[in-house]
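Engineer: I'm passing along entry.cif; it holds mmCIF, N, CA, C and O atoms.
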data_upload
loop_
_atom_site.label_atom_id
_atom_site.label_comp_id
_atom_site.auth_asym_id
_atom_site.auth_seq_id
_atom_site.Cartn_x
_atom_site.Cartn_y
_atom_site.Cartn_z
N VAL A 1 -59.57 54.25 -59.51
CA VAL A 1 -58.79 55.01 -60.48
C VAL A 1 -59.26 56.46 -60.44
O VAL A 1 -60.45 56.72 -60.56
N PRO A 2 -58.34 57.42 -60.28
CA PRO A 2 -58.76 58.83 -60.27
C PRO A 2 -59.20 59.29 -61.66
O PRO A 2 -58.70 58.83 -62.68
N LYS A 3 -60.16 60.20 -61.68
CA LYS A 3 -60.62 60.79 -62.95
C LYS A 3 -59.52 61.71 -63.48
O LYS A 3 -58.80 62.35 -62.72
N ARG A 4 -59.43 61.78 -64.79
CA ARG A 4 -58.38 62.59 -65.43
C ARG A 4 -58.52 64.09 -65.17
O ARG A 4 -57.53 64.82 -65.15
N ASP A 5 -59.75 64.56 -65.02
CA ASP A 5 -59.97 66.00 -64.89
C ASP A 5 -60.02 66.48 -63.44
O ASP A 5 -60.48 67.57 -63.16
N ASN A 6 -59.51 65.67 -62.51
CA ASN A 6 -59.45 66.10 -61.12
C ASN A 6 -58.57 67.35 -61.02
O ASN A 6 -57.49 67.39 -61.59
N PRO A 7 -59.02 68.36 -60.28
CA PRO A 7 -58.19 69.57 -60.13
C PRO A 7 -56.96 69.28 -59.27
O PRO A 7 -57.04 68.48 -58.32
N PRO A 8 -55.84 69.90 -59.58
CA PRO A 8 -54.64 69.68 -58.76
C PRO A 8 -54.79 70.38 -57.40
O PRO A 8 -55.54 71.35 -57.28
N PRO A 9 -54.07 69.91 -56.39
CA PRO A 9 -54.12 70.58 -55.10
C PRO A 9 -53.40 71.93 -55.18
O PRO A 9 -52.53 72.13 -56.03
N VAL A 10 -53.76 72.82 -54.28
CA VAL A 10 -53.14 74.15 -54.24
C VAL A 10 -51.84 74.06 -53.43
O VAL A 10 -51.82 73.51 -52.32
N PHE A 11 -50.77 74.59 -53.98
CA PHE A 11 -49.47 74.59 -53.30
C PHE A 11 -49.57 75.51 -52.08
O PHE A 11 -50.00 76.66 -52.20
N PRO A 12 -49.19 75.03 -50.90
CA PRO A 12 -49.34 75.84 -49.68
C PRO A 12 -48.48 77.11 -49.71
O PRO A 12 -47.29 77.06 -50.05
N GLU A 13 -49.08 78.23 -49.37
CA GLU A 13 -48.37 79.52 -49.38
C GLU A 13 -47.19 79.53 -48.43
O GLU A 13 -46.15 80.10 -48.76
N ASP A 14 -47.34 78.94 -47.24
CA ASP A 14 -46.23 78.98 -46.28
C ASP A 14 -45.02 78.20 -46.78
O ASP A 14 -43.87 78.58 -46.52
N GLU A 15 -45.26 77.13 -47.53
CA GLU A 15 -44.15 76.38 -48.11
C GLU A 15 -43.48 77.19 -49.22
O GLU A 15 -42.26 77.22 -49.34
N ARG A 16 -44.29 77.87 -50.03
CA ARG A 16 -43.77 78.74 -51.09
C ARG A 16 -42.89 79.83 -50.47
O ARG A 16 -41.81 80.14 -50.96
N ALA A 17 -43.36 80.42 -49.37
CA ALA A 17 -42.62 81.49 -48.70
C ALA A 17 -41.29 80.99 -48.14
O ALA A 17 -40.34 81.76 -48.03
N ASP A 18 -41.23 79.71 -47.81
CA ASP A 18 -39.98 79.11 -47.30
C ASP A 18 -39.09 78.58 -48.43
O ASP A 18 -38.16 77.83 -48.17
N SER A 19 -39.43 78.91 -49.67
CA SER A 19 -38.66 78.50 -50.86
C SER A 19 -38.72 77.00 -51.13
O SER A 19 -37.84 76.44 -51.79
N VAL A 20 -39.73 76.33 -50.62
CA VAL A 20 -39.94 74.91 -50.91
C VAL A 20 -40.56 74.82 -52.30
O VAL A 20 -41.46 75.60 -52.64
N THR A 21 -40.10 73.88 -53.13
CA THR A 21 -40.60 73.79 -54.49
C THR A 21 -41.36 72.49 -54.79
O THR A 21 -41.94 72.34 -55.86
N ALA A 22 -41.35 71.55 -53.84
CA ALA A 22 -42.06 70.29 -54.06
C ALA A 22 -42.41 69.64 -52.72
O ALA A 22 -41.75 69.88 -51.71
N GLY A 23 -43.46 68.83 -52.76
CA GLY A 23 -43.86 68.09 -51.57
C GLY A 23 -44.86 67.03 -51.94
O GLY A 23 -45.30 66.93 -53.10
N GLU A 24 -45.24 66.24 -50.95
CA GLU A 24 -46.17 65.14 -51.19
C GLU A 24 -47.00 64.91 -49.94
O GLU A 24 -46.55 65.16 -48.82
N ALA A 25 -48.19 64.42 -50.14
CA ALA A 25 -49.02 63.93 -49.04
C ALA A 25 -49.75 62.70 -49.54
O ALA A 25 -50.26 62.67 -50.66
N VAL A 26 -49.79 61.66 -48.72
CA VAL A 26 -50.50 60.43 -49.06
C VAL A 26 -51.62 60.25 -48.05
O VAL A 26 -51.37 60.22 -46.84
N LEU A 27 -52.84 60.15 -48.56
CA LEU A 27 -54.01 59.94 -47.71
C LEU A 27 -54.58 58.56 -47.99
O LEU A 27 -54.56 58.08 -49.12
N ARG A 28 -55.10 57.92 -46.95
CA ARG A 28 -55.83 56.66 -47.08
C ARG A 28 -57.29 56.98 -46.76
O ARG A 28 -57.59 57.62 -45.76
N PHE A 29 -58.19 56.52 -47.64
CA PHE A 29 -59.62 56.77 -47.44
C PHE A 29 -60.41 55.78 -48.28
O PHE A 29 -59.85 55.08 -49.12
N VAL A 30 -61.69 55.74 -48.06
CA VAL A 30 -62.59 54.87 -48.83
C VAL A 30 -63.20 55.67 -49.97
O VAL A 30 -63.69 56.79 -49.77
N VAL A 31 -63.12 55.10 -51.18
CA VAL A 31 -63.86 55.63 -52.32
C VAL A 31 -65.19 54.89 -52.31
O VAL A 31 -65.23 53.66 -52.34
N ASP A 32 -66.28 55.64 -52.23
CA ASP A 32 -67.59 54.99 -52.14
C ASP A 32 -68.07 54.48 -53.50
O ASP A 32 -67.39 54.64 -54.51
N ARG A 33 -69.24 53.88 -53.51
CA ARG A 33 -69.76 53.26 -54.73
C ARG A 33 -70.04 54.26 -55.84
O ARG A 33 -70.12 53.90 -57.00
N SER A 34 -70.18 55.55 -55.49
CA SER A 34 -70.42 56.56 -56.52
C SER A 34 -69.12 57.21 -57.01
O SER A 34 -69.16 58.09 -57.87
N GLY A 35 -67.98 56.77 -56.47
CA GLY A 35 -66.70 57.31 -56.91
C GLY A 35 -66.24 58.54 -56.14
O GLY A 35 -65.29 59.20 -56.54
N MET A 36 -66.90 58.82 -55.02
CA MET A 36 -66.54 59.98 -54.21
C MET A 36 -65.76 59.53 -52.97
O MET A 36 -66.03 58.46 -52.42
N PRO A 37 -64.80 60.36 -52.51
CA PRO A 37 -64.08 60.01 -51.29
C PRO A 37 -65.01 60.15 -50.08
O PRO A 37 -65.75 61.11 -49.97
N ASP A 38 -64.97 59.17 -49.20
CA ASP A 38 -65.73 59.23 -47.95
C ASP A 38 -64.88 60.01 -46.95
O ASP A 38 -63.90 59.50 -46.42
N MET A 39 -65.25 61.26 -46.72
CA MET A 39 -64.45 62.17 -45.90
C MET A 39 -64.37 61.74 -44.43
O MET A 39 -63.53 62.24 -43.70
N THR A 40 -65.21 60.80 -44.02
CA THR A 40 -65.16 60.34 -42.63
C THR A 40 -64.13 59.25 -42.42
O THR A 40 -63.92 58.80 -41.30
N THR A 41 -63.46 58.82 -43.50
CA THR A 41 -62.52 57.70 -43.40
C THR A 41 -61.07 58.10 -43.62
O THR A 41 -60.21 57.24 -43.72
N ILE A 42 -60.78 59.39 -43.67
CA ILE A 42 -59.43 59.86 -44.02
C ILE A 42 -58.41 59.53 -42.94
O ILE A 42 -58.64 59.76 -41.75
N GLU A 43 -57.28 58.98 -43.39
CA GLU A 43 -56.10 58.79 -42.53
C GLU A 43 -54.91 59.37 -43.28
O GLU A 43 -54.79 59.20 -44.49
N LEU A 44 -54.02 60.02 -42.55
CA LEU A 44 -52.78 60.51 -43.14
C LEU A 44 -51.76 59.39 -43.09
O LEU A 44 -51.44 58.87 -42.02
N VAL A 45 -51.26 58.98 -44.25
CA VAL A 45 -50.23 57.94 -44.33
C VAL A 45 -48.85 58.58 -44.13
O VAL A 45 -48.07 58.14 -43.31
N ARG A 46 -48.59 59.64 -44.91
CA ARG A 46 -47.33 60.38 -44.75
C ARG A 46 -47.47 61.71 -45.49
O ARG A 46 -48.29 61.85 -46.39
N ALA A 47 -46.63 62.66 -45.10
CA ALA A 47 -46.61 63.96 -45.77
C ALA A 47 -45.26 64.62 -45.55
O ALA A 47 -44.63 64.41 -44.51
N THR A 48 -44.84 65.39 -46.53
CA THR A 48 -43.60 66.14 -46.43
C THR A 48 -43.66 67.11 -45.26
O THR A 48 -42.69 67.33 -44.56
N SER A 49 -44.84 67.72 -45.06
CA SER A 49 -45.06 68.64 -43.95
C SER A 49 -46.55 68.68 -43.63
O SER A 49 -47.38 68.21 -44.41
N LEU A 50 -46.87 69.29 -42.50
CA LEU A 50 -48.26 69.45 -42.11
C LEU A 50 -49.01 70.31 -43.13
O LEU A 50 -50.19 70.07 -43.41
N SER A 51 -48.33 71.29 -43.70
CA SER A 51 -48.97 72.15 -44.71
C SER A 51 -49.42 71.37 -45.94
O SER A 51 -50.50 71.60 -46.48
N PHE A 52 -48.57 70.45 -46.39
CA PHE A 52 -48.96 69.62 -47.54
C PHE A 52 -50.10 68.67 -47.16
O PHE A 52 -50.98 68.41 -47.97
N ALA A 53 -50.08 68.16 -45.94
CA ALA A 53 -51.18 67.29 -45.48
C ALA A 53 -52.50 68.06 -45.49
O ALA A 53 -53.52 67.57 -45.98
N ARG A 54 -52.48 69.28 -44.96
CA ARG A 54 -53.69 70.12 -44.94
C ARG A 54 -54.19 70.40 -46.35
O ARG A 54 -55.39 70.32 -46.62
N ALA A 55 -53.27 70.76 -47.26
CA ALA A 55 -53.65 71.08 -48.63
C ALA A 55 -54.27 69.87 -49.33
O ALA A 55 -55.23 70.01 -50.10
N ALA A 56 -53.76 68.68 -49.05
CA ALA A 56 -54.32 67.46 -49.64
C ALA A 56 -55.73 67.21 -49.12
O ALA A 56 -56.64 66.88 -49.88
N ILE A 57 -55.92 67.39 -47.82
CA ILE A 57 -57.25 67.17 -47.23
C ILE A 57 -58.25 68.19 -47.78
O ILE A 57 -59.40 67.84 -48.06
N ILE A 58 -57.80 69.42 -47.99
CA ILE A 58 -58.68 70.45 -48.57
C ILE A 58 -59.04 70.10 -50.02
O ILE A 58 -60.17 70.31 -50.45
N ALA A 59 -58.08 69.52 -50.76
CA ALA A 59 -58.32 69.18 -52.16
C ALA A 59 -59.16 67.92 -52.34
O ALA A 59 -59.81 67.74 -53.37
N LEU A 60 -59.17 67.05 -51.34
CA LEU A 60 -59.81 65.74 -51.49
C LEU A 60 -61.29 65.79 -51.87
O LEU A 60 -61.71 65.01 -52.74
N PRO A 61 -62.12 66.66 -51.30
CA PRO A 61 -63.55 66.64 -51.68
C PRO A 61 -63.81 66.87 -53.16
O PRO A 61 -64.84 66.46 -53.68
N SER A 62 -62.90 67.53 -53.87
CA SER A 62 -63.11 67.80 -55.30
C SER A 62 -62.59 66.68 -56.19
O SER A 62 -62.73 66.73 -57.41
N GLN A 63 -62.00 65.64 -55.61
CA GLN A 63 -61.45 64.52 -56.38
C GLN A 63 -62.55 63.48 -56.65
O GLN A 63 -63.37 63.20 -55.78
N ARG A 64 -62.55 62.93 -57.84
CA ARG A 64 -63.51 61.90 -58.22
C ARG A 64 -62.75 60.70 -58.75
O ARG A 64 -61.67 60.83 -59.34
N PHE A 65 -63.36 59.51 -58.57
CA PHE A 65 -62.70 58.25 -58.90
C PHE A 65 -63.67 57.32 -59.61
O PHE A 65 -64.88 57.45 -59.47
N GLU A 66 -63.11 56.37 -60.36
CA GLU A 66 -63.91 55.26 -60.88
C GLU A 66 -64.01 54.27 -59.72
O GLU A 66 -62.97 53.82 -59.22
N PRO A 67 -65.21 53.93 -59.29
CA PRO A 67 -65.31 53.01 -58.15
C PRO A 67 -64.85 51.60 -58.52
O PRO A 67 -64.90 51.19 -59.68
N ALA A 68 -64.40 50.89 -57.50
CA ALA A 68 -64.05 49.48 -57.68
C ALA A 68 -65.33 48.70 -57.97
O ALA A 68 -66.43 49.13 -57.62
N THR A 69 -65.18 47.57 -58.63
CA THR A 69 -66.35 46.74 -58.92
C THR A 69 -66.05 45.28 -58.57
O THR A 69 -64.92 44.82 -58.65
N ILE A 70 -67.10 44.61 -58.18
CA ILE A 70 -67.07 43.15 -58.00
C ILE A 70 -68.23 42.60 -58.81
O ILE A 70 -69.39 42.97 -58.58
N ARG A 71 -67.89 41.75 -59.79
CA ARG A 71 -68.90 41.18 -60.70
C ARG A 71 -69.80 42.25 -61.32
O ARG A 71 -71.02 42.09 -61.41
N GLY A 72 -69.19 43.39 -61.68
CA GLY A 72 -69.92 44.45 -62.35
C GLY A 72 -70.67 45.40 -61.42
O GLY A 72 -71.27 46.36 -61.89
N CYS A 73 -70.64 45.16 -60.12
CA CYS A 73 -71.32 46.02 -59.16
C CYS A 73 -70.30 46.92 -58.46
O CYS A 73 -69.28 46.44 -57.97
N ALA A 74 -70.60 48.21 -58.40
CA ALA A 74 -69.72 49.16 -57.73
C ALA A 74 -69.69 48.88 -56.23
O ALA A 74 -70.72 48.60 -55.62
N VAL A 75 -68.49 48.95 -55.66
CA VAL A 75 -68.30 48.73 -54.22
C VAL A 75 -67.34 49.78 -53.68
O VAL A 75 -66.53 50.35 -54.41
N GLY A 76 -67.45 50.03 -52.39
CA GLY A 76 -66.50 50.92 -51.73
C GLY A 76 -65.16 50.21 -51.59
O GLY A 76 -65.10 48.98 -51.47
N GLN A 77 -64.07 50.98 -51.63
CA GLN A 77 -62.75 50.39 -51.48
C GLN A 77 -61.82 51.41 -50.84
O GLN A 77 -61.80 52.59 -51.22
N ALA A 78 -61.02 50.94 -49.87
CA ALA A 78 -60.00 51.79 -49.26
C ALA A 78 -58.81 51.89 -50.22
O ALA A 78 -58.40 50.89 -50.81
N ILE A 79 -58.29 53.11 -50.37
CA ILE A 79 -57.13 53.32 -51.23
C ILE A 79 -56.13 54.24 -50.54
O ILE A 79 -56.49 54.98 -49.63
N ASP A 80 -54.88 54.16 -50.96
CA ASP A 80 -53.86 55.14 -50.61
C ASP A 80 -53.70 56.03 -51.84
O ASP A 80 -53.45 55.53 -52.95
N TYR A 81 -53.85 57.34 -51.66
CA TYR A 81 -53.83 58.27 -52.79
C TYR A 81 -52.79 59.35 -52.54
O TYR A 81 -52.80 60.01 -51.50
N SER A 82 -51.89 59.50 -53.48
CA SER A 82 -50.79 60.45 -53.35
C SER A 82 -51.12 61.77 -54.03
O SER A 82 -51.56 61.79 -55.19
N PHE A 83 -50.93 62.86 -53.30
CA PHE A 83 -51.02 64.20 -53.86
C PHE A 83 -49.60 64.72 -54.03
O PHE A 83 -48.84 64.78 -53.06
N SER A 84 -49.22 65.07 -55.25
CA SER A 84 -47.90 65.63 -55.52
C SER A 84 -48.02 67.13 -55.71
O SER A 84 -48.91 67.60 -56.42
N PHE A 85 -47.14 67.84 -55.06
CA PHE A 85 -47.12 69.30 -55.15
C PHE A 85 -45.80 69.71 -55.80
O PHE A 85 -44.73 69.35 -55.31
N VAL A 86 -45.89 70.44 -56.90
CA VAL A 86 -44.70 70.93 -57.56
C VAL A 86 -44.95 72.40 -57.90
O VAL A 86 -45.94 72.74 -58.56
N LEU A 87 -44.05 73.24 -57.41
CA LEU A 87 -44.16 74.66 -57.69
C LEU A 87 -43.49 74.93 -59.02
O LEU A 87 -42.30 74.70 -59.21
N ARG A 88 -44.27 75.38 -59.97
CA ARG A 88 -43.77 75.66 -61.31
C ARG A 88 -43.31 77.12 -61.37
O ARG A 88 -44.03 78.01 -60.94
N ASN A 89 -42.13 77.35 -61.92
CA ASN A 89 -41.64 78.72 -62.10
C ASN A 89 -42.17 79.25 -63.42
O ASN A 89 -41.99 78.65 -64.46
N HIS A 90 -42.83 80.38 -63.34
CA HIS A 90 -43.41 80.97 -64.57
C HIS A 90 -42.62 82.19 -64.96
O HIS A 90 -42.29 83.03 -64.27
#
Represent the supplied structure as structure tokens.
Structural biologist:
Amino acid sequence: VPKRDNPPPVFPEDERADSVTAGEAVLRFVVDRSGMPDMTTIELVRATSLSFARAAIIALPSQRFEPATIRGCAVGQAIDYSFSFVLRNH
């Protein structure tokens, strides 16, 4: 389960310049026993564009999770995690 205070990913500048207002990237990786993503296990499941995939990978190290447990003991678990990008008009 992702922590509530995880920072959102940064919307890619090149997509903003192309007037794109939304995108998605889904990464598969292992959340380790301490709730941190194991950066050596990243796989790209799908992405709206390469720019959104890159932005998700850049954002991943700052994401924290509640680790999975078996009989009360924290264990690593592979997850698919979706990053949603929405450009807000201010």
Engineer: Based on the backbone DSSP call, show me all residues of chain A assigned helix (DSSP H, G or I), as a PyMOL selection string.
Structural biologist: chain A and resi 13-17+50-62
Engineer: So which one's closest to Phe11 in chain A, A:Val26, A:Pro37, A:Arg46, A:Val86? Using all atoms listed in the file, please.
Structural biologist: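 Looking only at the distances to Phe11 in chain A, the closest residue turns out to be A:Val86.
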Engineer: Once the PyMOL selection byres (((chain A and resi 81 and name CA) around 6) and name CA) has been applied to the shown file, what residues remain in the selection, as an MDAnalysis selection string?
Structural biologist: chainID A and resid 26:27 80 82
Engineer: For the selection just defined, write its residues with N, CA, C and O atoms to a file, as a short mmCIF file (atom, residue, chain, number, x, y, z; two decimals), in the frame of the given file.
Structural biologist:
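Output saved as out.cif:
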data_model
loop_
_atom_site.label_atom_id
_atom_site.label_comp_id
_atom_site.auth_asym_id
_atom_site.auth_seq_id
_atom_site.Cartn_x
_atom_site.Cartn_y
_atom_site.Cartn_z
N VAL A 26 -49.79 61.66 -48.72
CA VAL A 26 -50.50 60.43 -49.06
C VAL A 26 -51.62 60.25 -48.05
O VAL A 26 -51.37 60.22 -46.84
N LEU A 27 -52.84 60.15 -48.56
CA LEU A 27 -54.01 59.94 -47.71
C LEU A 27 -54.58 58.56 -47.99
O LEU A 27 -54.56 58.08 -49.12
N ASP A 80 -54.88 54.16 -50.96
CA ASP A 80 -53.86 55.14 -50.61
C ASP A 80 -53.70 56.03 -51.84
O ASP A 80 -53.45 55.53 -52.95
N SER A 82 -51.89 59.50 -53.48
CA SER A 82 -50.79 60.45 -53.35
C SER A 82 -51.12 61.77 -54.03
O SER A 82 -51.56 61.79 -55.19
#
Engineer: Might you pull out every residue within 4.5 Å of Lys3 in chain A, with only N, CA, C and O atoms counted and same-chain residues fewer than 2 positions away left off, and present them as a list in words?
Structural biologist: Val1, Asp5, Asn6, Arg64 and Phe65 of chain A
Engineer: Set the distance at 9 Å and use only C-alpha atoms: which residues neighbour Gly76 in chain A once local chain neighbours fewer than 5 positions away are removed? I'd like the list as a PDB file with N, CA, C and O atoms, in the frame of the given file.
Structural biologist:
ATOM      1  N   VAL A  30     -61.690  55.740 -48.060  1.00  0.00           N
ATOM      2  CA  VAL A  30     -62.590  54.870 -48.830  1.00  0.00           C
ATOM      3  C   VAL A  30     -63.200  55.670 -49.970  1.00  0.00           C
ATOM      4  O   VAL A  30     -63.690  56.790 -49.770  1.00  0.00           O
ATOM      5  N   VAL A  31     -63.120  55.100 -51.180  1.00  0.00           N
ATOM      6  CA  VAL A  31     -63.860  55.630 -52.320  1.00  0.00           C
ATOM      7  C   VAL A  31     -65.190  54.890 -52.310  1.00  0.00           C
ATOM      8  O   VAL A  31     -65.230  53.660 -52.340  1.00  0.00           O
ATOM      9  N   ASP A  32     -66.280  55.640 -52.230  1.00  0.00           N
ATOM     10  CA  ASP A  32     -67.590  54.990 -52.140  1.00  0.00           C
ATOM     11  C   ASP A  32     -68.070  54.480 -53.500  1.00  0.00           C
ATOM     12  O   ASP A  32     -67.390  54.640 -54.510  1.00  0.00           O
ATOM     13  N   ARG A  33     -69.240  53.880 -53.510  1.00  0.00           N
ATOM     14  CA  ARG A  33     -69.760  53.260 -54.730  1.00  0.00           C
ATOM     15  C   ARG A  33     -70.040  54.260 -55.840  1.00  0.00           C
ATOM     16  O   ARG A  33     -70.120  53.900 -57.000  1.00  0.00           O
ATOM     17  N   SER A  34     -70.180  55.550 -55.490  1.00  0.00           N
ATOM     18  CA  SER A  34     -70.420  56.560 -56.520  1.00  0.00           C
ATOM     19  C   SER A  34     -69.120  57.210 -57.010  1.00  0.00           C
ATOM     20  O   SER A  34     -69.160  58.090 -57.870  1.00  0.00           O
ATOM     21  N   GLY A  35     -67.980  56.770 -56.470  1.00  0.00           N
ATOM     22  CA  GLY A  35     -66.700  57.310 -56.910  1.00  0.00           C
ATOM     23  C   GLY A  35     -66.240  58.540 -56.140  1.00  0.00           C
ATOM     24  O   GLY A  35     -65.290  59.200 -56.540  1.00  0.00           O
ATOM     25  N   PRO A  67     -65.210  53.930 -59.290  1.00  0.00           N
ATOM     26  CA  PRO A  67     -65.310  53.010 -58.150  1.00  0.00           C
ATOM     27  C   PRO A  67     -64.850  51.600 -58.520  1.00  0.00           C
ATOM     28  O   PRO A  67     -64.900  51.190 -59.680  1.00  0.00           O
ATOM     29  N   ALA A  68     -64.400  50.890 -57.500  1.00  0.00           N
ATOM     30  CA  ALA A  68     -64.050  49.480 -57.680  1.00  0.00           C
ATOM     31  C   ALA A  68     -65.330  48.700 -57.970  1.00  0.00           C
ATOM     32  O   ALA A  68     -66.430  49.130 -57.620  1.00  0.00           O
ATOM     33  N   THR A  69     -65.180  47.570 -58.630  1.00  0.00           N
ATOM     34  CA  THR A  69     -66.350  46.740 -58.920  1.00  0.00           C
ATOM     35  C   THR A  69     -66.050  45.280 -58.570  1.00  0.00           C
ATOM     36  O   THR A  69     -64.920  44.820 -58.650  1.00  0.00           O
TER      37      THR A  69
END
